[in-house]
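These notes concern the structure reproduced below.
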Amino acid sequence: MNMICAINISFAEVTKILLTGFGETCLLFILTLVCALPLGLLVCFGSMSKFKPISWLMKTIVWIIRGTPLLLQIIVVFYGPGLLFDYPMRSRFIAVLIAFVINYACYFSEIYRGGILSVSKGQNEAAQVLGLTKSQTFFHVILPQVVKRIVPPMSNEIITLVKDTSLARIIGVIELITVAQQIVNNYVILWPLFYAGAFYLIFNGILTLLFGFIEKKMNYYKI
């Protein structure tokens, strides 16, 4: 960030610079959600598969991902291809995105699985009596109840994702905290870090309100 070179810097200038990093943070957040939500559902179906090799494979992957730090996973994804195959990862952002998608897909898969298992078998049996197919039963009977039940834990994970984007700085991705740290280092002032924290706070506040609204709307499916 060569633009940060003056002796003094105004609040407006700090805001403008932080917004550039916040844009990268938002991009990482959105792309992770878009990719991890459907991938997590596939992992969930795999772990619940009656075909044992697939089930064991998915459960092992989930166990490894959930049992190791996301920070370590970012490092492995970025440096692993170069160390193992002599083909270095050329994009730092893509490396972080891959690590985030895999990590959150595994967490989402467990939330999906818990939601599906929480629906009583009697729901399936009642749907069969009514002559519904398996797909109709899933999408019209099971899925609405699952969505209702997974909204609270899913909202917690998504809010955590907003804060976890700051880990991207470990391999040099220029996100919000990285930009704030550069301002602190160049101007020997501390307040931009707290100001960056306000960005996260406001963003998470908006998400909290959004998920609260969704929960109220989903009360229709309350059993």
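Ligands are numbered from 1 in the order shown, chains are lettered A, B, ... in the order of the structure tokens, and residues start at 1 in each chain.
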
Exercise. Which residues come within 7 Å of stretch 41-58 of chain A, counting only C-alpha atoms, excluding same-chain residues fewer than 5 positions away, as a list in words?
Worked result: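 Those residues are Cys106, Ser109, Glu110, Tyr112 and Arg113 of chain A.
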
For this session: Take atom CA of A:Ile214 and atom CA of A:Leu37 and report the distance between them in Å, one decimal.
Result: 16.7 Å

Exercise. Which of these residues is nearest to A:Ser166, using only C-alpha atoms: A:Ala36, A:Leu84, A:Leu143, A:Leu28?
Worked result: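 That would be A:Leu28, the residue with the smallest distance to A:Ser166.
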
For this session: Please give the complete set of residues from stretch 79-147 of chain A that DSSP, run on the backbone, assigns to alpha helix (DSSP H), formatted as a ChimeraX atom specification.
Result: /A:79-85,92-117,121-129,134-137,143-147
